[in-house]
Amino acid sequence: MPKRRGKPDGKDNEPKTGINRRVVLGGLSSIVASAFSGPTLAKALPDGDQQSRAAGTRIRKIATEEAFTIPEVAEAVRDVVRHGGTNLDLKVLSLIYDASPRTLLSRLLSLDATRISEMDANGVDMHVLSLAIPGVQMFETDKAVALARLSNDRLSEAMRSHPKRFAGLATFAPQDTRAAVLEMERAINTLKLNGFLVNSHTENVYLDASRCWPILEAAEALGAPLYLHPRAPSDGMAAPFRDYSMDGAIWGYAVEASTHALRLMLSGVLDRFPRLRIVLSHMGEALPFWLSRLDLVAAPGSRPALKNKLKPSEYIQRNFAITTSGVQDPQALRFCIDKIGLDRIMWAIDYPFQPTATAVKFIESATLSDQERAQVAFQNAERIFRIPK
Ligand code: MN
């Protein structure tokens, strides 16, 4: 069992308003009590004077899906790209890591002046950093384990150099479950990182597979959220996505990541790890829009193959949060607030793949009450990722 993070005085380091891992579960109502719930569960609706806010009004902003890389990982990804193959991620990875000029790559590599000046120019207070797609998940196992450690070390150095500007999500190598769990413990207990990020499947294996359960168990026990970031569809469903650039952000990412999230729900692993917290990108990868239909057709016990004990909407309300990365649509945001709850939505840019200015304008000008805007822009991130105020 992974050690739980504690304060030096030995008391549990639980935020006053966040998840209480010591809660004794009993009865359905407490089982569906949210691991993400904050102090304000009321859905504050826009009212009168609070509704409008001129673009550019200053508000604290924590961006929660912001990519970086380190030279050693970039070189290893280039090796993967040049080796070639049929993996559907290779097209995008070649553009990021092997293109010329390497504009994206130079911004991914910056963990100081370049990045911070772009944040300053747009009024962004903090990046929650994570190792860029594909993480270490396409490397041979030993290399993946070593580069995960190195990447987490560099991330922790950047956070120590700029504690007010950077938080960070650890990477790990799902190829080696035992090493992954050790690195997850080190990342939280020693490096003081804020959670984990995994880029969907690894070698076509999804996290509901029993051999991945120790990873889910560790994330739950450490009380740290697991950000389930997309990658291109796995080999078994890749073919129709090969045309028209559908492999990545256009559609493939959403299909891959939402499929992964549904596997976690319908396999019953979230009943095995009821306090596991998962964060989805891109306004929930369309899942919020599907909940009514999913509850109808995937109700517990309604089909022989279903293993879920709760309805999909109940897992969303208990185990999931979402971010707004790459979706600058105020109507989609309003829908998600009303459908899944204000306290589980966090603002994100998706730096450097999406422009910072557009994401900033979106959160500063969307029709929201002041309370709603504050929760989405920074308060939920502070609570969920345990970022000091
Ligand atoms: Mn991203």
# chains A, B, ... in the order shown; residues from 1 in each chain; ligands from 1
call {"tool": "closest_atom_pairs", "arguments": {"of": "chain A", "to": "ligand 1", "cutoff": "8 Å", "atoms": "only C-alpha atoms and all ligand atoms", "output": "CSV"}}
result
residue,atom,partner,partner_atom_place_in_ligand_line,distance
A:Glu65,CA,ligand 1,1 (Mn),5.9
A:Glu66,CA,ligand 1,1 (Mn),6.8
A:Ala67,CA,ligand 1,1 (Mn),6.7
A:Ala132,CA,ligand 1,1 (Mn),7.3
A:Ile133,CA,ligand 1,1 (Mn),7.3
A:His229,CA,ligand 1,1 (Mn),6.5
A:Pro230,CA,ligand 1,1 (Mn),7.3
A:Ser281,CA,ligand 1,1 (Mn),7.2
A:Ser325,CA,ligand 1,1 (Mn),7.1
A:Asp350,CA,ligand 1,1 (Mn),4.8
A:Tyr351,CA,ligand 1,1 (Mn),7.5
A:Phe353,CA,ligand 1,1 (Mn),7.3
call {"tool": "select_by_dssp", "arguments": {"residues": "range 206-256 of chain A", "states": "strand (DSSP E)", "output": "list of chain:residue names"}}
result
A:Leu226, A:Tyr227, A:Leu228, A:His229
call {"tool": "residues_around", "arguments": {"residues": "Ile387 in chain A", "least_positions_apart": "5", "cutoff": "8 Å", "atoms": "only C-alpha atoms", "output": "PDB file with C-alpha atoms, in the first residue's frame"}}
result
ATOM      1  CA  ALA A 167       2.329  23.529  -9.849  1.00  0.00           C
ATOM      2  CA  ASN A 194       0.014  17.948  -7.130  1.00  0.00           C
ATOM      3  CA  ALA A 381      -7.925  24.080  -8.900  1.00  0.00           C
ATOM      4  CA  GLU A 382      -6.610  25.206  -5.509  1.00  0.00           C
TER       5      GLU A 382
END
call {"tool": "residues_around", "arguments": {"residues": "Ala261 in chain A", "least_positions_apart": "4", "cutoff": "12 Å", "atoms": "only C-alpha atoms", "output": "ChimeraX atom specification"}}
result
/A:199-201,206-208,226-230,254-257,265-270,277-281,284-288,312,315-316,319-322
call {"tool": "residues_around", "arguments": {"residues": "Pro233 in chain A", "least_positions_apart": "6", "cutoff": "12 Å", "atoms": "only C-alpha atoms", "output": "count of residues only"}}
result
31
call {"tool": "closest_residue", "arguments": {"among": "A:Gly123, A:Arg344, A:Ala218, A:Ile363", "to": "Gln379 in chain A", "atoms": "only C-alpha atoms"}}
result
A:Arg344
call {"tool": "residues_around", "arguments": {"residues": "range 154-163 of chain A", "least_positions_apart": "6", "cutoff": "8 Å", "atoms": "only C-alpha atoms", "output": "list in words"}}
result
Ile70, Leu111, Asp112, Leu129, Leu191, Lys192 and Leu193 of chain A
call {"tool": "atom_distance", "arguments": {"atom1": "CA of Arg272 in chain A", "atom2": "CA of Gln137 in chain A"}}
result
24.8 Å
call {"tool": "select_by_dssp", "arguments": {"residues": "range 29-232 of chain A", "states": "helix (DSSP H, G or I)", "output": "ChimeraX atom specification"}}
result
/A:29-31,48-50,71-83,90-97,103-109,113-122,141-161,177-190,210-222
call {"tool": "residues_around", "arguments": {"residues": "Ala298 in chain A", "least_positions_apart": "3", "cutoff": "9 Å", "atoms": "only C-alpha atoms", "output": "ChimeraX atom specification"}}
result
/A:266,293-295,301-303,306,308,311-312
call {"tool": "closest_residue", "arguments": {"among": "A:Gly168, A:Pro274, A:Gly195, A:Gly85", "to": "Leu131 in chain A", "atoms": "only C-alpha atoms"}}
result
A:Gly168
call {"tool": "closest_residue", "arguments": {"among": "A:Phe289, A:Ala144, A:Pro388, A:Leu104", "to": "Glu72 in chain A", "atoms": "only C-alpha atoms"}}
result
A:Ala144
call {"tool": "closest_residue", "arguments": {"among": "A:Arg383, A:Lys307, A:Lys143, A:Arg334", "to": "Gln175 in chain A", "atoms": "only C-alpha atoms"}}
result
A:Lys143
